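What's in model-v3.txt: compact mmCIF, C-alpha atoms
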# COMPACT_ATOMS: atom_id res chain seq x y z
CA MET K 680 -142.84 -22.82 -117.36
CA ALA K 681 -139.94 -21.56 -115.27
CA PRO K 682 -140.98 -18.79 -112.83
CA LEU K 683 -138.44 -16.38 -114.28
CA GLU K 684 -140.08 -16.66 -117.69
CA LEU K 685 -143.49 -15.55 -116.45
CA PRO K 686 -142.86 -11.76 -116.41
CA HIS K 687 -141.68 -11.86 -120.02
CA VAL K 688 -144.65 -13.96 -121.11
CA LEU K 689 -147.08 -11.63 -119.31
CA ALA K 690 -145.52 -8.56 -120.93
CA ALA K 691 -145.64 -10.13 -124.39
CA ARG K 692 -149.23 -11.38 -124.18
CA TRP K 693 -150.92 -8.74 -122.03
CA PRO K 694 -153.89 -7.03 -123.77
CA GLY K 695 -153.70 -3.31 -124.45
CA SER K 696 -155.44 -2.25 -121.23
CA ARG K 697 -154.49 -1.61 -117.63
CA ILE K 698 -156.57 -4.49 -116.31
CA ALA K 699 -157.83 -7.65 -117.94
CA SER K 700 -160.32 -10.40 -117.22
CA ALA K 701 -159.42 -14.05 -117.00
CA GLY K 702 -161.30 -14.56 -120.27
CA GLN K 703 -159.24 -11.94 -122.08
CA LEU K 704 -156.05 -13.46 -120.74
CA ARG K 705 -157.07 -16.97 -121.78
CA MET K 706 -157.61 -15.69 -125.32
CA ALA K 707 -154.09 -14.25 -125.15
CA GLY K 708 -152.70 -17.65 -124.23
CA LEU K 709 -152.48 -17.24 -120.44
CA ASP K 710 -154.38 -20.12 -118.85
CA HIS K 711 -155.60 -20.51 -115.26
CA ARG K 712 -152.46 -22.34 -114.17
CA MET K 713 -150.22 -19.54 -115.45
CA LEU K 714 -152.38 -16.84 -113.84
CA THR K 715 -152.30 -18.64 -110.49
CA ALA K 716 -148.53 -18.98 -110.70
CA ALA K 717 -148.18 -15.30 -111.64
CA VAL K 718 -150.25 -14.20 -108.64
CA ARG K 719 -148.33 -16.46 -106.26
CA GLY K 720 -145.04 -15.28 -107.75
CA GLY K 721 -145.94 -11.63 -107.23
CA PHE K 722 -146.16 -10.74 -110.92
CA LEU K 723 -149.93 -10.20 -111.01
CA VAL K 724 -152.42 -8.64 -108.60
CA ARG K 725 -155.92 -10.13 -108.52
CA VAL K 726 -158.00 -6.96 -108.18
CA ARG K 727 -161.10 -9.06 -107.74
CA ARG K 728 -162.09 -12.56 -108.76
CA GLY K 729 -161.34 -13.03 -112.43
CA VAL K 730 -159.77 -9.58 -112.99
CA TYR K 731 -156.03 -8.90 -112.90
CA VAL K 732 -153.46 -6.13 -113.17
CA ARG K 733 -149.71 -6.44 -113.57
CA ARG K 734 -148.00 -5.75 -110.23
CA GLU K 735 -145.48 -3.34 -111.71
CA LEU K 736 -148.36 -1.08 -112.77
CA TRP K 737 -150.26 -1.55 -109.51
CA LYS K 738 -147.23 -0.40 -107.50
CA GLN K 739 -146.99 2.78 -109.56
CA LEU K 740 -150.61 3.80 -109.00
CA ALA K 741 -151.56 6.41 -106.42
CA PRO K 742 -154.14 5.25 -103.83
CA TRP K 743 -156.96 7.13 -105.57
CA ASP K 744 -156.07 5.52 -108.90
CA ARG K 745 -156.21 2.10 -107.27
CA ASP K 746 -159.67 2.95 -105.93
CA ARG K 747 -160.80 3.79 -109.46
CA LEU K 748 -159.27 0.58 -110.80
CA ARG K 749 -161.20 -1.49 -108.24
CA ILE K 750 -164.43 -0.05 -109.62
CA GLU K 751 -163.36 -0.77 -113.19
CA ALA K 752 -162.57 -4.33 -112.16
CA HIS K 753 -166.08 -4.67 -110.71
CA VAL K 754 -167.56 -3.39 -113.97
CA ILE K 755 -165.60 -6.02 -115.90
CA ALA K 756 -166.50 -8.81 -113.47
CA THR K 757 -170.23 -8.01 -113.45
CA GLY K 758 -170.65 -6.91 -117.04
CA GLY K 759 -171.74 -3.41 -116.06
CA THR K 760 -175.04 -4.48 -114.51
CA SER K 761 -174.64 -2.49 -111.27
CA VAL K 762 -175.41 1.16 -110.56
CA TYR K 763 -172.41 2.67 -108.80
CA SER K 764 -173.17 5.25 -106.14
CA HIS K 765 -171.83 7.17 -103.14
CA VAL K 766 -168.01 7.47 -103.15
CA SER K 767 -167.71 4.99 -106.04
CA SER K 768 -169.84 7.25 -108.21
CA ALA K 769 -167.84 10.25 -107.03
CA ARG K 770 -164.64 8.54 -108.21
CA LEU K 771 -166.12 7.60 -111.58
CA LEU K 772 -167.37 11.15 -112.12
CA GLY K 773 -163.98 12.66 -111.29
CA CYS K 774 -164.78 14.10 -107.86
CA SER K 775 -162.13 14.21 -105.17
CA THR K 776 -162.61 11.85 -102.25
CA TRP K 777 -160.67 11.70 -99.03
CA ASN K 778 -160.13 8.71 -96.75
CA SER K 779 -163.43 7.13 -97.78
CA GLY K 780 -162.42 3.48 -97.98
CA GLU K 781 -161.62 1.03 -100.76
CA GLU K 782 -165.04 -0.61 -101.00
CA VAL K 783 -167.16 -0.49 -104.13
CA HIS K 784 -170.59 1.08 -103.47
CA VAL K 785 -173.68 0.15 -105.47
CA THR K 786 -177.34 1.09 -105.13
CA VAL K 787 -179.93 -1.64 -105.59
CA PRO K 788 -183.74 -1.42 -105.81
CA TYR K 789 -184.37 -4.23 -103.31
CA SER K 790 -183.49 -5.18 -99.77
CA VAL K 791 -180.19 -6.97 -99.65
CA SER K 792 -177.66 -8.12 -97.09
CA ARG K 793 -173.91 -7.58 -97.25
CA SER K 794 -173.48 -11.36 -97.35
CA SER K 795 -175.08 -11.53 -100.81
CA HIS K 796 -172.23 -9.43 -102.22
CA SER K 797 -168.49 -9.93 -102.09
CA PRO K 798 -166.83 -8.46 -98.98
CA ASP K 799 -165.47 -5.41 -100.82
CA VAL K 800 -168.91 -4.33 -102.12
CA VAL K 801 -171.29 -2.16 -100.08
CA PRO K 802 -174.92 -2.32 -101.30
CA HIS K 803 -177.38 0.52 -100.53
CA ARG K 804 -181.12 0.35 -100.90
CA PHE K 805 -182.58 3.68 -101.98
CA GLY K 806 -185.08 4.78 -104.56
CA LEU K 807 -183.32 5.30 -107.88
CA PRO K 808 -185.41 7.00 -110.60
CA ASP K 809 -184.05 7.00 -114.14
CA GLU K 810 -183.25 10.74 -114.00
CA ASP K 811 -180.70 10.03 -111.26
CA VAL K 812 -178.72 7.52 -113.35
CA LEU K 813 -176.30 8.12 -116.19
CA GLU K 814 -173.72 6.14 -118.13
CA VAL K 815 -170.00 6.91 -118.16
CA PRO K 816 -167.24 5.19 -120.16
CA VAL K 817 -164.65 3.44 -117.99
CA GLY K 818 -162.36 2.11 -120.70
CA HIS K 819 -161.95 -1.46 -121.93
CA GLY K 820 -164.94 -0.81 -124.20
CA LEU K 821 -167.23 -0.84 -121.15
CA VAL K 822 -169.74 1.66 -119.83
CA ALA K 823 -170.68 1.94 -116.17
CA ARG K 824 -174.02 3.08 -114.87
CA THR K 825 -173.61 5.56 -112.04
CA THR K 826 -175.69 8.04 -110.11
CA THR K 827 -175.69 11.63 -111.35
CA ILE K 828 -173.38 14.13 -109.72
CA ASP K 829 -176.23 15.77 -107.76
CA ARG K 830 -177.52 12.42 -106.51
CA THR K 831 -173.98 11.35 -105.63
CA VAL K 832 -173.48 14.35 -103.33
CA ALA K 833 -176.83 13.72 -101.66
CA ASP K 834 -175.97 10.06 -101.04
CA CYS K 835 -172.53 10.94 -99.66
CA ALA K 836 -174.13 13.47 -97.32
CA ARG K 837 -176.32 10.71 -95.87
CA THR K 838 -173.54 8.17 -95.34
CA LEU K 839 -170.26 10.04 -94.77
CA ASP K 840 -169.24 12.38 -91.99
CA VAL K 841 -169.53 16.03 -92.94
CA GLU K 842 -165.81 16.51 -93.64
CA ARG K 843 -165.59 13.66 -96.15
CA ALA K 844 -168.92 14.57 -97.72
CA ALA K 845 -167.79 18.21 -98.12
CA VAL K 846 -164.65 17.12 -99.98
CA VAL K 847 -166.91 15.40 -102.52
CA GLY K 848 -169.47 18.20 -102.55
CA ASP K 849 -167.09 21.11 -103.05
CA HIS K 850 -165.53 19.42 -106.08
CA ALA K 851 -168.96 18.40 -107.39
CA LEU K 852 -170.04 22.05 -107.42
CA ARG K 853 -167.03 22.87 -109.59
CA LEU K 854 -168.04 20.04 -111.94
CA GLY K 855 -171.62 21.25 -112.39
CA ALA K 856 -173.64 20.12 -109.39
CA SER K 857 -175.97 22.68 -107.83
CA PRO K 858 -177.54 23.04 -104.36
CA ASP K 859 -181.05 22.88 -105.84
CA GLY K 860 -180.16 19.80 -107.87
CA ILE K 861 -178.64 18.06 -104.84
CA ARG K 862 -181.69 18.85 -102.72
CA ALA K 863 -184.09 17.59 -105.41
CA ALA K 864 -182.10 14.39 -105.91
CA SER K 865 -182.16 13.79 -102.16
CA GLU K 866 -185.93 14.15 -102.09
CA ARG K 867 -186.36 11.67 -104.96
CA THR K 868 -184.70 8.90 -102.93
CA GLY K 869 -187.86 8.64 -100.84
CA ALA K 870 -185.68 8.23 -97.74
CA VAL K 871 -186.99 9.84 -94.58
CA ARG K 872 -183.77 9.72 -92.61
CA GLY K 873 -180.76 11.77 -93.62
CA GLY K 874 -182.51 14.84 -95.02
CA ALA K 875 -181.12 17.02 -92.25
CA ARG K 876 -177.60 15.82 -93.04
CA VAL K 877 -178.07 16.87 -96.68
CA GLU K 878 -179.28 20.32 -95.64
CA ARG K 879 -176.39 20.74 -93.24
CA LEU K 880 -173.90 19.85 -95.96
CA LEU K 881 -175.49 22.25 -98.44
CA GLY K 882 -174.95 25.05 -95.94
CA LEU K 883 -171.22 24.28 -95.82
CA LEU K 884 -170.28 23.71 -99.46
CA ASP K 885 -168.18 26.23 -101.36
CA ARG K 886 -167.04 25.71 -104.95
CA ARG K 887 -164.05 28.00 -104.34
CA SER K 888 -162.26 25.33 -102.30
CA GLU K 889 -159.99 23.75 -104.89
CA SER K 890 -158.62 20.67 -103.13
CA PRO K 891 -159.52 18.27 -100.31
CA GLY K 892 -157.00 20.05 -98.10
CA GLU K 893 -158.59 23.44 -98.74
CA THR K 894 -162.04 22.04 -97.95
CA ARG K 895 -160.85 20.52 -94.69
CA THR K 896 -158.98 23.71 -93.78
CA ARG K 897 -162.09 25.81 -94.41
CA LEU K 898 -164.15 23.57 -92.13
CA ALA K 899 -161.44 23.68 -89.44
CA LEU K 900 -161.50 27.49 -89.49
CA LEU K 901 -165.29 27.46 -89.26
CA ALA K 902 -165.25 25.01 -86.34
CA ALA K 903 -162.77 27.22 -84.49
CA GLY K 904 -165.11 30.19 -84.77
CA LEU K 905 -162.63 32.38 -86.63
CA PRO K 906 -163.84 35.23 -88.85
CA ALA K 907 -164.84 33.98 -92.28
CA PRO K 908 -162.01 34.41 -94.80
CA VAL K 909 -162.27 35.45 -98.42
CA LEU K 910 -161.45 32.44 -100.61
CA GLN K 911 -159.23 32.72 -103.70
CA LEU K 912 -158.71 36.45 -103.27
CA GLU K 913 -156.66 37.93 -106.12
CA ILE K 914 -154.02 40.38 -104.88
CA PRO K 915 -151.88 42.43 -107.29
CA THR K 916 -148.21 42.67 -106.23
CA ALA K 917 -144.97 43.91 -107.74
CA ALA K 918 -144.17 40.27 -108.59
CA GLY K 919 -147.49 39.67 -110.35
CA LEU K 920 -151.00 38.63 -109.41
CA PHE K 921 -151.24 36.42 -106.30
CA ARG K 922 -154.31 34.32 -105.56
CA ALA K 923 -154.63 33.57 -101.85
CA ASP K 924 -156.32 30.36 -100.68
CA PHE K 925 -157.75 32.18 -97.63
CA ALA K 926 -157.44 35.88 -96.87
CA TRP K 927 -158.58 38.37 -94.26
CA PRO K 928 -158.11 41.69 -96.13
CA ASP K 929 -159.15 43.83 -93.17
CA VAL K 930 -156.13 42.65 -91.16
CA LEU K 931 -153.85 41.80 -94.13
CA VAL K 932 -153.47 38.10 -93.27
CA ILE K 933 -153.24 35.26 -95.79
CA LEU K 934 -153.41 31.51 -95.13
CA GLU K 935 -151.92 29.25 -97.79
CA PHE K 936 -152.55 25.50 -97.70
CA ASP K 937 -149.48 23.60 -98.89
CA GLY K 938 -150.82 20.08 -98.61
CA GLU K 939 -151.14 19.11 -102.27
CA ALA K 940 -147.58 17.79 -102.41
CA LYS K 941 -148.47 15.19 -99.80
CA TYR K 942 -151.94 14.38 -101.11
CA PHE K 943 -151.30 14.33 -104.84
CA ASP K 944 -147.67 13.18 -104.80
CA TYR K 945 -146.73 16.39 -106.59
CA ARG K 946 -143.38 18.05 -106.15
CA PRO K 947 -143.00 21.68 -107.29
CA THR K 948 -139.99 22.49 -109.44
CA ASP K 949 -137.19 24.72 -108.19
CA ALA K 950 -138.43 27.43 -110.55
CA ALA K 951 -141.94 27.22 -109.08
CA LEU K 952 -140.58 27.45 -105.54
CA LEU K 953 -138.49 30.49 -106.46
CA GLU K 954 -141.48 32.19 -108.03
CA GLU K 955 -143.54 31.41 -104.94
CA ARG K 956 -140.90 33.02 -102.69
CA ARG K 957 -140.84 36.12 -104.89
CA ARG K 958 -144.60 36.52 -104.69
CA GLU K 959 -144.58 35.99 -100.93
CA SER K 960 -141.81 38.57 -100.49
CA ALA K 961 -143.82 41.03 -102.57
CA LEU K 962 -146.88 40.41 -100.41
CA MET K 963 -144.92 40.98 -97.22
CA SER K 964 -143.51 44.20 -98.69
CA ASP K 965 -147.10 45.35 -99.15
CA GLY K 966 -147.86 44.65 -95.49
CA TRP K 967 -149.41 41.18 -95.70
CA THR K 968 -148.70 38.46 -93.15
CA VAL K 969 -148.53 35.01 -94.75
CA VAL K 970 -149.38 31.89 -92.73
CA ARG K 971 -148.74 28.42 -94.13
CA ALA K 972 -150.56 25.20 -93.26
CA ARG K 973 -149.76 21.65 -94.32
CA TRP K 974 -151.62 18.38 -94.58
CA ALA K 975 -150.13 17.16 -91.28
CA ASP K 976 -151.65 20.17 -89.48
CA LEU K 977 -155.12 18.86 -90.27
CA ALA K 978 -154.45 15.80 -88.11
CA VAL K 979 -153.94 17.99 -85.01
CA PRO K 980 -157.19 19.55 -83.72
CA GLY K 981 -156.88 23.30 -83.50
CA ALA K 982 -153.43 23.47 -85.14
CA ILE K 983 -154.43 25.48 -88.20
CA ALA K 984 -156.65 27.82 -86.20
CA ALA K 985 -153.77 28.47 -83.80
CA LYS K 986 -151.50 29.35 -86.73
CA VAL K 987 -154.05 31.82 -88.05
CA VAL K 988 -154.56 33.42 -84.64
CA ALA K 989 -150.78 33.80 -84.32
CA GLY K 990 -150.81 35.41 -87.77
CA PHE K 991 -153.46 37.88 -86.61
CA GLU K 992 -151.25 38.79 -83.65
CA ARG K 993 -148.19 39.33 -85.86
CA ALA K 994 -150.23 41.50 -88.22
CA ARG K 995 -151.48 43.65 -85.35
CA ARG K 996 -147.92 44.21 -84.11
CA LEU K 997 -146.85 45.26 -87.62
CA ALA K 998 -149.79 47.61 -88.13
Target format structure tokens, applied to this file:
Amino acid sequence: MAPLELPHVLAARWPGSRIASAGQLRMAGLDHRMLTAAVRGGFLVRVRRGVYVRRELWKQLAPWDRDRLRIEAHVIATGGTSVYSHVSSARLLGCSTWNSGEEVHVTVPYSVSRSSHSPDVVPHRFGLPDEDVLEVPVGHGLVARTTTIDRTVADCARTLDVERAAVVGDHALRLGASPDGIRAASERTGAVRGGARVERLLGLLDRRSESPGETRTRLALLAAGLPAPVLQLEIPTAAGLFRADFAWPDVLVILEFDGEAKYFDYRPTDAALLEERRRESALMSDGWTVVRARWADLAVPGAIAAKVVAGFERARRLA
């Protein structure tokens, strides 16, 4: 088959799913030789051995969607026999993750070395009672076994740094996890080490943080020793109700985190930007000082805290 014909053949014969196994593709008339040629020609991406996605789709996916697809590919390749845990479970359950790697994490009931799994799979050995496992549909007619949301937060607390674990934990609280449930799930692992990390994380979580950027900003403010802000404070203005990400009502200072455009590849419309300016103008008319932080500020230690301190100074001069 001529190389230029391959994309048309793939499009015509591809099953009705985002990813497909070699077996599915063989049934559709795409044999091993054609799949190899399609990968070499840049028309297919081999997500893992025996599981493929069309490159045009792969290129359109955001990084977090690719992470999810890697887990789905593992489910297809293994027939759903694994229990997904840690950040892989967080992704399957719909929790936000931040900068937590592309590997697929599984929990196994026996001692195992990394060499017994493919390089992109991280095995963990922890106790795993039935009450800490549930099944979730992942498409393609398959169901994945994954740790519960409480157990997932506890596992992430043990293995991730506190900032990454808090991104998972804050979102998990909004999805139904609870501090008591997380603590109980941690205790059921039977692990001696890591309990202090779980307790530390529980003391930091706040369901009111609505994005990874807001979680990281909240922790940056805490680390800088600034006064604790009120999260998601609703402020009535002449332009309507405004909900502030972080607010210090006693000094009339607001901090808004504008990082979602960079993290979620979202671009606000002109109308949304105009409405935002109107609300901000109304706030300033009422005496508020508005400080804005962006995703890039989080990469510079102390940058967001410095902006807030400068906002406090401006507010004092205006008082």
Is it possible to get the residues within 8 Å of (-178.1, 15.0, -110.7) (coordinates as in the file, counting all atoms listed in the file) written as an MDAnalysis selection string? chainID K and resid 810:812 826:831 856 860:861 864
Between atom CA of K:Gly892 and atom CA of K:Asp929, distance in Å (one decimal):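 Computing it gives 24.4 Å between the two atoms.
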Which residue of K:Ser797, K:Leu912, K:Leu931, K:His765 approaches K:Arg996 most closely, using all atoms listed in the file: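 So, comparing all the options, the nearest one is K:Leu931.
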Nearest to K:Ser890: which of K:Gly874, K:Gly848, K:Pro694, K:Gly904 is it, counting all atoms listed in the file?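 Going through K:Gly874, K:Gly848, K:Pro694, K:Gly904 one by one, the smallest distance to K:Ser890 is for K:Gly848.
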Stretch 823-825 of chain K surroundings by only C-alpha atoms, 10 Å radius, close-in-sequence under 2 positions cut, as a PyMOL selection string: chain K and resi 750-751+753-755+758-765+767-769+771-772+785-786+811-818+821+827-828+830-831
Take atom CA of K:Leu884 and atom CA of K:Leu910 and report the distance between them in Å, one decimal. 12.5 Å
What is the distance, in Å and to one decimal place, between atom CA of K:Val832 and atom CA of K:Arg853? 12.4 Å
Stretch 966-969 of chain K surroundings by only C-alpha atoms, 7 Å radius, close-in-sequence under 6 positions cut, as number ranges by chain: K: 931-934, 990, 994
Could you please take those selected residues and save C-alpha atoms as a PDB file, in the frame of the given file?
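Once written, again-v1.pdb looks like this:
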ATOM      1  CA  LEU K 931    -153.850  41.800 -94.130  1.00  0.00           C
ATOM      2  CA  VAL K 932    -153.470  38.100 -93.270  1.00  0.00           C
ATOM      3  CA  ILE K 933    -153.240  35.260 -95.790  1.00  0.00           C
ATOM      4  CA  LEU K 934    -153.410  31.510 -95.130  1.00  0.00           C
ATOM      5  CA  GLY K 990    -150.810  35.410 -87.770  1.00  0.00           C
ATOM      6  CA  ALA K 994    -150.230  41.500 -88.220  1.00  0.00           C
TER       7      ALA K 994
END
Could you name the residues that touch K:Phe936 at 12 Å or less, counting all atoms listed in the file, but leaving out those on the same chain fewer than 4 positions away, as a PyMOL selection string? chain K and resi 888-897+910-911+922-926+940-942+969-977+983+986-987
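Residue neighbourhood of K:Gly806, excluding near-sequence residues (fewer than 6 positions): Pro788, Arg867, Thr868, Gly869 and Ala870 of chain K, at 8 Å, using only C-alpha atoms.
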Of the candidates K:Leu689, K:Asp885, K:Ala899, K:Met963, which one gets nearest to K:Ala716 if we count only C-alpha atoms?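 The closest residue to K:Ala716 is K:Leu689.
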